[in-house]
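Next up, input.txt (compact mmCIF, C-alpha atoms):
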# COMPACT_ATOMS: atom_id res chain seq x y z
CA MET M 278 72.95 -52.41 -58.49
CA THR M 279 73.67 -49.00 -59.92
CA LYS M 280 71.92 -45.97 -58.49
CA SER M 281 69.78 -45.77 -61.62
CA ARG M 282 68.65 -49.39 -61.34
CA ASP M 283 67.92 -48.93 -57.65
CA ARG M 284 65.92 -45.80 -58.42
CA TRP M 285 63.67 -47.59 -60.88
CA SER M 286 63.38 -50.74 -58.77
CA LEU M 287 62.16 -48.63 -55.87
CA ALA M 288 59.86 -46.73 -58.19
CA ALA M 289 58.43 -50.07 -59.36
CA MET M 290 57.66 -50.92 -55.73
CA VAL M 291 55.86 -47.62 -55.19
CA PHE M 292 54.02 -48.18 -58.48
CA ALA M 293 52.80 -51.63 -57.44
CA VAL M 294 51.55 -50.43 -54.03
CA LEU M 295 49.57 -47.58 -55.62
CA LEU M 296 48.26 -49.80 -58.41
CA ALA M 297 46.94 -52.23 -55.80
CA GLN M 298 45.33 -49.40 -53.85
CA VAL M 299 43.61 -47.68 -56.77
CA LEU M 300 42.27 -50.89 -58.32
CA LEU M 301 39.50 -50.72 -55.70
CA TYR M 302 38.29 -47.17 -56.45
CA PRO M 303 36.25 -47.24 -59.70
CA GLY M 304 33.61 -49.64 -58.38
CA VAL M 305 34.02 -49.17 -54.64
CA ASP M 306 30.24 -48.97 -54.23
CA ARG M 307 29.94 -52.46 -55.74
CA LEU M 308 32.72 -53.80 -53.51
CA VAL M 309 31.24 -52.53 -50.24
CA GLY M 310 27.87 -53.93 -51.32
CA ALA M 311 29.45 -57.36 -51.84
CA LEU M 312 31.06 -57.02 -48.40
CA GLY M 313 27.72 -56.50 -46.70
CA ALA M 314 27.17 -52.73 -46.74
CA THR M 315 23.60 -51.44 -47.11
CA THR M 316 24.47 -47.96 -48.45
CA ASP M 317 26.65 -46.70 -51.31
CA LEU M 318 28.05 -43.26 -50.43
CA ASP M 319 28.38 -43.61 -46.65
CA ALA M 320 29.74 -47.16 -46.71
CA SER M 321 32.22 -46.32 -49.49
CA MET M 322 33.34 -43.28 -47.50
CA TRP M 323 34.11 -45.31 -44.36
CA PHE M 324 35.75 -48.12 -46.35
CA LEU M 325 38.23 -45.66 -47.88
CA ALA M 326 38.59 -43.70 -44.64
CA ALA M 327 39.50 -46.81 -42.60
CA GLU M 328 42.61 -47.45 -44.70
CA PHE M 329 43.82 -43.88 -44.57
CA ALA M 330 43.17 -43.55 -40.85
CA ALA M 331 45.54 -46.51 -40.45
CA PHE M 332 48.04 -44.78 -42.75
CA VAL M 333 47.99 -41.76 -40.46
CA ALA M 334 48.39 -43.85 -37.32
CA PHE M 335 51.22 -46.10 -38.52
CA ALA M 336 53.33 -44.17 -41.06
CA GLY M 337 55.39 -42.54 -38.30
CA VAL M 338 55.84 -45.86 -36.49
CA TRP M 339 57.34 -47.52 -39.58
CA GLY M 340 59.55 -44.51 -40.35
CA ALA M 341 60.91 -44.15 -36.82
CA ALA M 342 61.57 -47.89 -36.48
CA SER M 343 63.45 -47.89 -39.80
CA ASP M 344 65.58 -44.89 -38.86
CA ARG M 345 66.44 -46.44 -35.52
CA ALA M 346 67.37 -49.82 -37.02
CA GLY M 347 69.34 -48.30 -39.88
CA ARG M 348 67.54 -50.66 -42.27
CA ARG M 349 64.69 -50.24 -44.75
CA THR M 350 64.27 -53.42 -46.80
CA PRO M 351 63.13 -55.84 -44.04
CA PHE M 352 60.43 -53.38 -43.00
CA ILE M 353 59.26 -52.90 -46.59
CA ALA M 354 59.03 -56.65 -47.13
CA ALA M 355 57.12 -57.13 -43.88
CA GLY M 356 54.68 -54.33 -44.68
CA ALA M 357 54.08 -55.55 -48.22
CA PHE M 358 53.48 -59.14 -47.12
CA GLY M 359 51.12 -57.98 -44.38
CA GLY M 360 49.23 -55.84 -46.88
CA SER M 361 48.93 -58.80 -49.24
CA VAL M 362 47.40 -60.91 -46.48
CA GLY M 363 45.07 -58.03 -45.65
CA TYR M 364 43.71 -57.80 -49.19
CA LEU M 365 43.08 -61.56 -49.28
CA ALA M 366 41.38 -61.39 -45.88
CA LEU M 367 38.99 -58.77 -47.21
CA ALA M 368 38.06 -61.11 -50.06
CA PHE M 369 37.55 -64.27 -48.00
CA ALA M 370 37.14 -63.54 -44.29
CA PRO M 371 33.73 -61.78 -44.37
CA GLY M 372 32.11 -64.81 -46.01
CA LEU M 373 33.98 -67.41 -43.96
CA LEU M 374 33.49 -65.67 -40.61
CA SER M 375 30.13 -63.97 -41.27
CA LEU M 376 31.64 -60.60 -40.36
CA SER M 377 29.49 -57.50 -40.13
CA PHE M 378 30.52 -54.47 -42.18
CA GLY M 379 32.09 -53.08 -39.00
CA GLY M 380 34.37 -56.12 -38.91
CA VAL M 381 35.22 -55.53 -42.57
CA LEU M 382 36.34 -52.01 -41.66
CA VAL M 383 38.66 -53.42 -38.96
CA LEU M 384 40.26 -55.71 -41.58
CA ARG M 385 40.58 -52.75 -43.92
CA ALA M 386 42.39 -50.75 -41.22
CA LEU M 387 44.81 -53.62 -40.52
CA GLN M 388 45.54 -53.91 -44.24
CA GLY M 389 46.25 -50.18 -44.37
CA ALA M 390 48.52 -50.31 -41.30
CA ALA M 391 50.74 -52.87 -43.06
CA THR M 392 50.62 -51.33 -46.53
CA ILE M 393 51.79 -47.87 -45.43
CA GLY M 394 55.08 -49.38 -44.26
CA ALA M 395 55.91 -50.63 -47.74
CA PHE M 396 54.79 -47.41 -49.41
CA SER M 397 56.41 -44.87 -47.10
CA LEU M 398 59.73 -46.68 -46.70
CA ALA M 399 60.10 -47.34 -50.43
CA MET M 400 59.82 -43.58 -50.90
CA THR M 401 62.32 -43.07 -48.06
CA MET M 402 64.81 -45.33 -49.84
CA LEU M 403 64.51 -43.04 -52.85
CA MET M 404 65.41 -40.17 -50.52
CA ASP M 405 68.52 -42.12 -49.45
CA LEU M 406 69.78 -42.20 -53.07
CA GLU M 407 72.14 -39.56 -54.41
CA GLY M 408 71.64 -38.08 -57.86
CA GLY M 409 69.23 -35.18 -57.33
CA HIS M 410 66.37 -34.93 -54.89
CA GLY M 411 64.03 -33.71 -57.59
CA ARG M 412 65.05 -36.57 -59.88
CA ASN M 413 64.55 -39.18 -57.14
CA MET M 414 61.24 -37.77 -55.97
CA ALA M 415 60.11 -37.44 -59.58
CA ALA M 416 60.70 -41.18 -59.95
CA ALA M 417 58.47 -41.67 -56.89
CA GLY M 418 55.89 -39.28 -58.28
CA ALA M 419 55.90 -40.96 -61.68
CA ALA M 420 55.39 -44.31 -59.96
CA ILE M 421 52.52 -42.92 -57.91
CA GLY M 422 50.93 -41.37 -60.96
CA GLY M 423 51.54 -44.45 -63.10
CA GLY M 424 50.05 -46.79 -60.52
CA THR M 425 46.97 -44.65 -60.12
CA ALA M 426 46.66 -44.05 -63.87
CA MET M 427 46.71 -47.75 -64.64
CA GLY M 428 44.78 -48.76 -61.54
CA ALA M 429 41.70 -46.71 -62.36
CA PRO M 430 40.87 -48.20 -65.80
CA LEU M 431 42.15 -51.68 -64.91
CA GLY M 432 40.13 -51.74 -61.70
CA GLY M 433 37.04 -50.65 -63.61
CA GLN M 434 37.41 -53.56 -66.02
CA LEU M 435 38.02 -56.04 -63.19
CA TYR M 436 34.81 -54.94 -61.49
CA GLU M 437 32.95 -55.90 -64.65
CA ILE M 438 34.17 -59.48 -64.05
CA ASP M 439 33.78 -59.84 -60.27
CA PRO M 440 33.58 -57.35 -57.36
CA PHE M 441 36.40 -59.21 -55.56
CA ALA M 442 38.76 -59.41 -58.57
CA PRO M 443 40.60 -56.15 -57.66
CA LEU M 444 41.34 -57.57 -54.19
CA TYR M 445 42.95 -60.69 -55.66
CA LEU M 446 45.23 -58.71 -57.97
CA ALA M 447 46.11 -56.23 -55.19
CA SER M 448 47.25 -59.12 -52.99
CA ALA M 449 49.43 -60.58 -55.74
CA LEU M 450 51.04 -57.20 -56.44
CA LEU M 451 52.11 -56.76 -52.83
CA VAL M 452 53.73 -60.20 -52.80
CA GLY M 453 55.82 -58.93 -55.72
CA VAL M 454 56.76 -55.81 -53.75
CA ALA M 455 57.92 -57.93 -50.80
CA LEU M 456 60.16 -60.03 -53.06
CA LEU M 457 61.58 -57.04 -54.93
CA ALA M 458 62.39 -55.25 -51.66
CA LEU M 459 64.78 -58.02 -50.68
CA ALA M 460 66.72 -57.59 -53.96
CA VAL M 461 67.38 -53.83 -53.58
CA ASP M 462 70.54 -52.45 -51.95
CA ASP M 463 69.75 -50.93 -48.55
CA ARG M 464 71.40 -47.49 -48.40
CA ALA M 465 69.86 -46.35 -45.13
CA PRO M 466 72.28 -44.43 -42.90
CA SER M 467 73.86 -46.74 -40.33
CA GLY M 468 71.69 -47.44 -37.30
CA ASP M 469 70.56 -44.46 -35.26
CA ARG M 470 70.18 -45.91 -31.76
CA ASN M 471 68.31 -42.93 -30.40
CA SER M 472 64.87 -43.65 -29.04
CA VAL M 473 61.84 -43.57 -31.28
CA ALA M 474 60.61 -40.54 -29.35
CA ARG M 475 63.84 -38.66 -30.13
CA ALA M 476 63.59 -39.64 -33.79
CA MET M 477 60.06 -38.27 -33.95
CA ALA M 478 61.32 -35.07 -32.31
CA GLY M 479 63.27 -34.44 -35.52
CA LEU M 480 60.09 -33.00 -36.96
CA ARG M 481 59.99 -30.44 -34.15
CA ARG M 482 63.63 -29.56 -34.83
CA THR M 483 62.73 -28.73 -38.45
CA PRO M 484 59.39 -26.89 -38.30
CA THR M 485 59.79 -25.71 -41.89
CA LEU M 486 58.84 -29.26 -42.93
CA LEU M 487 55.28 -28.19 -42.17
CA VAL M 488 55.35 -26.21 -45.43
CA PRO M 489 55.72 -29.18 -47.83
CA TYR M 490 53.48 -31.15 -45.47
CA ALA M 491 50.71 -28.60 -45.93
CA PHE M 492 50.96 -28.81 -49.72
CA GLY M 493 51.09 -32.60 -49.52
CA PHE M 494 47.90 -32.44 -47.48
CA LEU M 495 46.22 -30.38 -50.20
CA ASP M 496 47.46 -32.65 -52.98
CA ARG M 497 46.05 -35.76 -51.37
CA LEU M 498 42.83 -34.07 -50.23
CA THR M 499 41.74 -33.71 -53.82
CA ALA M 500 42.94 -37.25 -54.60
CA GLY M 501 40.75 -38.60 -51.81
CA PHE M 502 37.90 -36.43 -52.96
CA PHE M 503 38.06 -37.78 -56.51
CA ALA M 504 38.50 -41.38 -55.28
CA LEU M 505 35.11 -41.23 -53.57
CA VAL M 506 33.03 -38.22 -54.58
CA GLY M 507 34.46 -38.00 -58.10
CA THR M 508 33.83 -41.69 -58.68
CA LEU M 509 30.20 -41.58 -57.51
CA TYR M 510 29.67 -38.22 -59.25
CA PHE M 511 30.65 -39.68 -62.61
CA ARG M 512 28.64 -42.82 -61.87
CA SER M 513 25.36 -41.10 -60.90
CA ALA M 514 25.27 -37.42 -61.93
CA ALA M 515 22.60 -36.43 -64.41
CA GLY M 516 24.04 -36.55 -67.92
CA PHE M 517 27.00 -38.73 -66.89
CA ASP M 518 25.74 -42.07 -65.48
CA LEU M 519 29.00 -43.90 -66.32
CA ASP M 520 29.63 -47.59 -65.60
CA PRO M 521 32.74 -48.66 -63.59
CA GLY M 522 34.82 -49.15 -66.76
CA ALA M 523 34.04 -45.68 -68.11
CA THR M 524 34.53 -44.17 -64.65
CA GLY M 525 37.99 -45.72 -64.51
CA LEU M 526 38.85 -44.10 -67.83
CA MET M 527 37.61 -40.74 -66.56
CA LEU M 528 39.84 -41.01 -63.48
CA ALA M 529 42.72 -41.97 -65.77
CA LEU M 530 42.40 -38.59 -67.51
CA PHE M 531 43.77 -37.13 -64.29
CA PHE M 532 46.27 -39.82 -63.40
CA ALA M 533 47.84 -40.31 -66.86
CA PRO M 534 49.32 -36.79 -67.25
CA PHE M 535 50.08 -36.82 -63.53
CA ALA M 536 52.25 -39.89 -64.13
CA LEU M 537 53.82 -39.00 -67.47
CA LEU M 538 54.89 -35.48 -66.48
CA GLN M 539 56.26 -36.24 -62.99
CA TYR M 540 59.83 -37.01 -64.02
CA PRO M 541 60.44 -34.02 -66.30
CA MET M 542 58.73 -31.73 -63.80
CA GLY M 543 60.97 -33.07 -61.02
CA ILE M 544 64.08 -32.39 -63.06
CA LEU M 545 62.71 -28.91 -63.79
CA SER M 546 62.32 -28.26 -60.06
CA ASP M 547 65.99 -29.23 -59.54
CA ARG M 548 66.95 -26.61 -62.09
CA ILE M 549 64.70 -23.69 -61.20
CA GLY M 550 63.93 -24.38 -57.53
CA ARG M 551 60.79 -25.47 -55.72
CA THR M 552 58.91 -22.18 -55.45
CA MET M 553 57.62 -21.70 -58.97
CA PRO M 554 56.27 -25.23 -59.57
CA ILE M 555 54.40 -25.27 -56.24
CA VAL M 556 53.10 -21.70 -56.45
CA ALA M 557 52.01 -21.95 -60.09
CA GLY M 558 50.32 -25.30 -59.56
CA SER M 559 48.45 -24.40 -56.37
CA ALA M 560 47.22 -21.10 -57.81
CA CYS M 561 45.05 -22.90 -60.38
CA TYR M 562 44.44 -26.32 -58.86
CA GLY M 563 41.50 -25.42 -56.64
CA LEU M 564 39.78 -23.39 -59.34
CA VAL M 565 39.81 -26.31 -61.75
CA VAL M 566 38.38 -28.65 -59.09
CA VAL M 567 35.47 -26.27 -58.58
CA ALA M 568 34.93 -26.06 -62.35
CA ILE M 569 34.72 -29.86 -62.72
CA GLY M 570 31.78 -29.92 -60.31
CA ARG M 571 29.96 -27.43 -62.52
CA ALA M 572 30.78 -29.05 -65.87
CA PRO M 573 27.59 -29.61 -67.91
CA THR M 574 29.00 -32.41 -70.08
CA VAL M 575 31.29 -35.41 -69.78
CA VAL M 576 33.69 -33.85 -72.30
CA LEU M 577 34.16 -30.68 -70.24
CA ALA M 578 34.50 -32.67 -67.02
CA GLY M 579 37.15 -34.81 -68.71
CA ALA M 580 39.03 -31.71 -69.85
CA GLY M 581 39.02 -30.50 -66.26
CA MET M 582 40.39 -33.83 -65.04
CA LEU M 583 43.17 -33.56 -67.61
CA ALA M 584 44.05 -30.05 -66.42
CA VAL M 585 44.12 -31.15 -62.78
CA GLY M 586 46.52 -33.96 -63.74
CA VAL M 587 48.94 -31.55 -65.41
CA LEU M 588 48.86 -29.16 -62.44
CA GLY M 589 49.34 -32.03 -60.00
CA ALA M 590 52.40 -33.20 -61.93
CA LEU M 591 53.84 -29.71 -61.69
CA MET M 592 53.42 -29.56 -57.92
CA SER M 593 54.00 -33.09 -56.64
CA PRO M 594 57.72 -33.83 -57.25
CA ALA M 595 58.75 -30.32 -56.15
CA THR M 596 56.80 -30.76 -52.92
CA MET M 597 58.34 -34.16 -52.14
CA ALA M 598 61.81 -32.89 -53.06
CA LEU M 599 61.35 -30.01 -50.63
CA VAL M 600 60.97 -32.57 -47.82
CA THR M 601 64.35 -34.03 -48.78
CA ASP M 602 65.91 -30.56 -49.03
CA LEU M 603 64.84 -29.69 -45.49
CA ALA M 604 65.22 -33.01 -43.62
CA GLY M 605 68.37 -34.11 -41.83
CA GLU M 606 70.12 -37.12 -43.37
CA ARG M 607 69.39 -39.38 -40.37
CA GLU M 608 65.81 -38.22 -40.03
CA ARG M 609 64.60 -38.87 -43.56
CA GLY M 610 62.50 -41.88 -42.62
CA VAL M 611 60.56 -39.86 -40.07
CA ALA M 612 60.44 -36.82 -42.38
CA MET M 613 58.93 -38.80 -45.26
CA ALA M 614 56.63 -40.58 -42.81
CA GLY M 615 55.44 -37.16 -41.66
CA PHE M 616 54.79 -36.17 -45.25
CA ASN M 617 52.79 -39.35 -45.76
CA VAL M 618 50.88 -38.76 -42.52
CA PHE M 619 49.83 -35.31 -43.72
CA GLY M 620 49.07 -36.74 -47.15
CA SER M 621 46.97 -39.48 -45.61
CA LEU M 622 45.18 -36.92 -43.44
CA GLY M 623 44.48 -34.97 -46.62
CA PHE M 624 43.13 -38.05 -48.38
CA LEU M 625 41.03 -38.84 -45.30
CA ALA M 626 39.70 -35.28 -45.23
CA GLY M 627 38.90 -35.46 -48.94
CA VAL M 628 36.93 -38.67 -48.42
CA VAL M 629 35.11 -37.73 -45.21
CA VAL M 630 34.48 -34.04 -45.85
CA GLY M 631 33.66 -34.56 -49.51
CA GLY M 632 31.41 -37.53 -48.81
CA SER M 633 29.63 -35.76 -45.95
CA VAL M 634 28.99 -32.60 -47.96
CA ALA M 635 27.81 -34.55 -51.01
CA SER M 636 25.48 -36.58 -48.80
CA ALA M 637 24.08 -33.54 -46.99
CA TYR M 638 23.87 -31.21 -50.02
CA ASP M 639 24.87 -32.17 -53.57
CA TYR M 640 27.89 -32.91 -55.73
CA PRO M 641 28.54 -29.34 -57.03
CA THR M 642 28.62 -28.08 -53.44
CA ALA M 643 31.07 -30.81 -52.50
CA PHE M 644 33.36 -29.79 -55.40
CA LEU M 645 33.11 -26.17 -54.28
CA VAL M 646 34.15 -27.06 -50.74
CA ALA M 647 37.08 -29.23 -51.89
CA GLY M 648 38.37 -26.65 -54.36
CA GLY M 649 37.77 -23.82 -51.90
CA LEU M 650 39.79 -25.56 -49.19
CA GLU M 651 42.63 -25.99 -51.66
CA ILE M 652 42.63 -22.29 -52.49
CA ILE M 653 42.26 -21.06 -48.90
CA VAL M 654 44.98 -23.24 -47.39
CA ALA M 655 47.33 -22.45 -50.29
CA LEU M 656 46.83 -18.72 -49.77
CA VAL M 657 47.50 -19.02 -46.03
CA THR M 658 50.62 -21.13 -46.55
CA LEU M 659 52.23 -19.40 -49.52
CA PRO M 660 53.62 -16.38 -47.64
CA VAL M 661 55.46 -18.72 -45.27
CA PHE M 662 56.68 -20.84 -48.17
CA LEU M 663 58.04 -17.84 -50.04
CA ARG M 664 60.21 -16.93 -47.04
CA LEU M 665 62.01 -20.26 -47.17
CA SER M 666 65.61 -19.99 -48.36
CA VAL M 667 65.34 -23.04 -50.59
CA GLY M 668 65.74 -22.36 -54.26
CA ARG M 669 68.00 -24.08 -56.71
CA THR M 670 70.02 -26.43 -54.54
CA ALA M 671 72.94 -28.76 -55.04
CA THR M 672 70.69 -31.49 -56.32
CA PHE M 673 71.80 -31.60 -59.93
CA ALA M 674 74.36 -34.38 -59.65
CA GLU M 675 73.82 -37.42 -61.79

Take the structure in the file and give it back as structure tokens.
Amino acid sequence: MTKSRDRWSLAAMVFAVLLAQVLLYPGVDRLVGALGATTDLDASMWFLAAEFAAFVAFAGVWGAASDRAGRRTPFIAAGAFGGSVGYLALAFAPGLLSLSFGGVLVLRALQGAATIGAFSLAMTMLMDLEGGHGRNMAAAGAAIGGGTAMGAPLGGQLYEIDPFAPLYLASALLVGVALLALAVDDRAPSGDRNSVARAMAGLRRTPTLLVPYAFGFLDRLTAGFFALVGTLYFRSAAGFDLDPGATGLMLALFFAPFALLQYPMGILSDRIGRTMPIVAGSACYGLVVVAIGRAPTVVLAGAGMLAVGVLGALMSPATMALVTDLAGERERGVAMAGFNVFGSLGFLAGVVVGGSVASAYDYPTAFLVAGGLEIIVALVTLPVFLRLSVGRTATFAE
């Protein structure tokens, strides 16, 4: 395969994993109810949190094992197949085994532990490609945005048919990822036989990776927030009261520009450096999140979602490319795993903090907290980021 074909095959794998994941979001309250939950907000919060807690716990394990073996594709196929089984188990096992909702959460965590291997290592294989870090990470970002953009409205429509329909399609998609992984050239650096502990120590040898990790945390915090609090806000807030299908379309207002603008924004970051896209995006991102929580009409809330999508597209590929700029060639699996760990922690924080605040207070307060955290952490991190000597790098090659 050519580098270009590999790039888009890997992007298709990332797309499919994210599509499967986001299919569940628009009607998550209906799904947890069908799985035996007795509450909407709290049960939805823990259902989403269980998957991302597993992401945090296992992303580094997959990355370190891949770096040590000098292979990616077998691990991606194994993770995707395991994730497919996990989605099917969620659909069938609770009824067959009379599981409590606590047992459902254990299955959800196991599904997440497998799925993160396919997701993180597919992104790592994009890092292994030549041809411009911004270009490669923009392909990943476009796949992430495209999967989430399509997943939100499609999942909403599937929920109108059956609460388990998104689980069936998610399982089928991950089977496709497993098969496609075996057809992609494996360009991982030849086996690094150092111990897993030494591979993980690569993060300590490059502390500047904490800078893109912090911005990745912020990016995903708001994604997690919208997946739970945003969904239920649009479903139940006075004046909105949207059904799952309409809620999926509202979420797509964010994810569509996020997907469509990733690739050109990634190329832009190769040309002008990483600083401006990240600084400009983070400066406004939190403010718009706060504004959405105060929007008096669906139209204004939708305009805010559109603005957040554009700003996210500006920031995301530059942030992922910065990981590639800073990581050592033989430590990319662990470096990208670390980025995904911080991203998963951000998503988890967005779900748990946002859900807890919304439950204890109200939705506008939850939006204020989420947007405020974005602004505060960005302000604390930006001075460190601006001292980094990474600008326009040698990442322009075709």

Provide the atom CA of Pro641 of chain M to atom CA of Arg571 of chain M distance in Å, to one decimal place.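 Distance reported for this atom pair: 6.0 Å.
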
Close residues, Leu528 of chain M itself excluded, 9 Å, all atoms listed in the file, min 4 positions apart in chain, as a PyMOL selection string: chain M and resi 303+425-426+429-430+503-504+507-508+523-524+532-533+579+582

Export, as an mmCIF file, in the coordinates of the input, the selected residues with C-alpha atoms.
data_model
loop_
_atom_site.group_PDB
_atom_site.id
_atom_site.type_symbol
_atom_site.label_atom_id
_atom_site.label_comp_id
_atom_site.auth_asym_id
_atom_site.auth_seq_id
_atom_site.Cartn_x
_atom_site.Cartn_y
_atom_site.Cartn_z
ATOM 1 C CA PRO M 303 36.250 -47.240 -59.700
ATOM 2 C CA THR M 425 46.970 -44.650 -60.120
ATOM 3 C CA ALA M 426 46.660 -44.050 -63.870
ATOM 4 C CA ALA M 429 41.700 -46.710 -62.360
ATOM 5 C CA PRO M 430 40.870 -48.200 -65.800
ATOM 6 C CA PHE M 503 38.060 -37.780 -56.510
ATOM 7 C CA ALA M 504 38.500 -41.380 -55.280
ATOM 8 C CA GLY M 507 34.460 -38.000 -58.100
ATOM 9 C CA THR M 508 33.830 -41.690 -58.680
ATOM 10 C CA ALA M 523 34.040 -45.680 -68.110
ATOM 11 C CA THR M 524 34.530 -44.170 -64.650
ATOM 12 C CA PHE M 532 46.270 -39.820 -63.400
ATOM 13 C CA ALA M 533 47.840 -40.310 -66.860
ATOM 14 C CA GLY M 579 37.150 -34.810 -68.710
ATOM 15 C CA MET M 582 40.390 -33.830 -65.040
#

Among the residues M:Pro594, M:Pro351, M:Pro660, M:Gly428, the one that comes closest to Val488 of chain M [using only C-alpha atoms]: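 Once distances to Val488 of chain M are computed over only C-alpha atoms, the minimum belongs to M:Pro660.
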
Could you work out an axis-aligned box for segment 420-423 of chain M, taking every atom the file lists and adding 4 Å on each side, and report centre and edge lengths in Å to one decimal, as JSON?
{"center_x": 53.2, "center_y": -42.9, "center_z": -60.5, "size_x": 12.5, "size_y": 11.1, "size_z": 13.2}

If you count all atoms listed in the file, which residues fall within 7 Å of Ala595 of chain M, apart from same-chain ones fewer than 6 positions away, as a PyMOL selection string? chain M and resi 411+543+546+551+554-555

Which is closest to Phe511 of chain M among M:Gln539, M:Ile569, M:Gly558, M:Thr483, if we use only C-alpha atoms?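 Smallest distance to Phe511 of chain M is found for M:Ile569.
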
Within 7 Å of (32.9, -30.3, -59.1), only C-alpha atoms: residues as a PyMOL selection string? chain M and resi 566-571+640-641+643-645

State, in Å with one decimal place, the distance from atom CA of Tyr364 of chain M to atom CA of Phe396 of chain M.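 Computing it gives 15.2 Å between the two atoms.
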
What gap, in Å, lies between atom CA of Ile544 of chain M and atom CA of Ala419 of chain M?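 Answer for the atom CA of Ile544 of chain M to atom CA of Ala419 of chain M separation: 11.9 Å.
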
Option closest in space to Gly550 of chain M, from M:Val309, M:Leu599, M:Ala536, M:Leu577 [counting all atoms listed in the file]: M:Leu599

So, counting all atoms listed in the file, which residue among M:Gly453, M:Val618, M:Thr574, M:Leu287 is closest to Leu406 of chain M?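 For Leu406 of chain M, the nearest of the given residues is M:Leu287.
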
Excluding Asp319 of chain M and residues on its chain fewer than 3 positions from it, collect all residues at most 8 Å away from it, counting only C-alpha atoms, and give them as a list in words.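 Near neighbours after the sequence-gap exclusion: Thr316, Met322, Trp323, Gly632, Ser633 and Ser636 of chain M.
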
Rank M:Ser593, M:Phe335, M:Glu328, M:Ser559 by their smallest atom-to-atom distance to Val657 of chain M, using all atoms listed in the file, and report the top residue only.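 Between M:Ser593, M:Phe335, M:Glu328, M:Ser559, the residue approaching Val657 of chain M most closely is M:Ser559.
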
Write out as JSON, numbers by chain which residues come within 6 Å of segment 392-395 of chain M when counting only C-alpha atoms, dropping same-chain ones fewer than 6 positions away. {"M": [332, 336, 339, 353, 356, 357, 360]}

Point out the residue among M:Leu526, M:Ala417, M:Leu495, M:Val556 with the least atom-to-atom distance to Arg512 of chain M, counting all atoms listed in the file.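 Closest to Arg512 of chain M of all the choices is M:Leu526.
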
Please provide as a compact mmCIF listing (two decimals) with C-alpha atoms, in the frame of the given file all residues within 12 Å of segment 620-624 of chain M, with the sequence filter that same-chain residues fewer than 6 positions apart are discarded (counting all atoms listed in the file).
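Output (result10.txt):
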# COMPACT_ATOMS: atom_id res chain seq x y z
CA MET M 322 33.34 -43.28 -47.50
CA LEU M 325 38.23 -45.66 -47.88
CA ALA M 326 38.59 -43.70 -44.64
CA ALA M 327 39.50 -46.81 -42.60
CA GLU M 328 42.61 -47.45 -44.70
CA PHE M 329 43.82 -43.88 -44.57
CA ALA M 330 43.17 -43.55 -40.85
CA ALA M 331 45.54 -46.51 -40.45
CA PHE M 332 48.04 -44.78 -42.75
CA VAL M 333 47.99 -41.76 -40.46
CA ALA M 334 48.39 -43.85 -37.32
CA PHE M 335 51.22 -46.10 -38.52
CA ALA M 336 53.33 -44.17 -41.06
CA GLY M 337 55.39 -42.54 -38.30
CA GLY M 389 46.25 -50.18 -44.37
CA ALA M 390 48.52 -50.31 -41.30
CA ILE M 393 51.79 -47.87 -45.43
CA PHE M 396 54.79 -47.41 -49.41
CA SER M 397 56.41 -44.87 -47.10
CA LEU M 487 55.28 -28.19 -42.17
CA PRO M 489 55.72 -29.18 -47.83
CA TYR M 490 53.48 -31.15 -45.47
CA ALA M 491 50.71 -28.60 -45.93
CA PHE M 492 50.96 -28.81 -49.72
CA GLY M 493 51.09 -32.60 -49.52
CA PHE M 494 47.90 -32.44 -47.48
CA LEU M 495 46.22 -30.38 -50.20
CA ASP M 496 47.46 -32.65 -52.98
CA ARG M 497 46.05 -35.76 -51.37
CA LEU M 498 42.83 -34.07 -50.23
CA THR M 499 41.74 -33.71 -53.82
CA ALA M 500 42.94 -37.25 -54.60
CA GLY M 501 40.75 -38.60 -51.81
CA PHE M 502 37.90 -36.43 -52.96
CA PHE M 503 38.06 -37.78 -56.51
CA ALA M 504 38.50 -41.38 -55.28
CA LEU M 505 35.11 -41.23 -53.57
CA VAL M 506 33.03 -38.22 -54.58
CA SER M 593 54.00 -33.09 -56.64
CA THR M 596 56.80 -30.76 -52.92
CA MET M 597 58.34 -34.16 -52.14
CA MET M 613 58.93 -38.80 -45.26
CA ALA M 614 56.63 -40.58 -42.81
CA VAL M 630 34.48 -34.04 -45.85
CA GLY M 631 33.66 -34.56 -49.51
CA GLY M 632 31.41 -37.53 -48.81
CA ALA M 647 37.08 -29.23 -51.89
CA LEU M 650 39.79 -25.56 -49.19
CA GLU M 651 42.63 -25.99 -51.66
CA VAL M 654 44.98 -23.24 -47.39
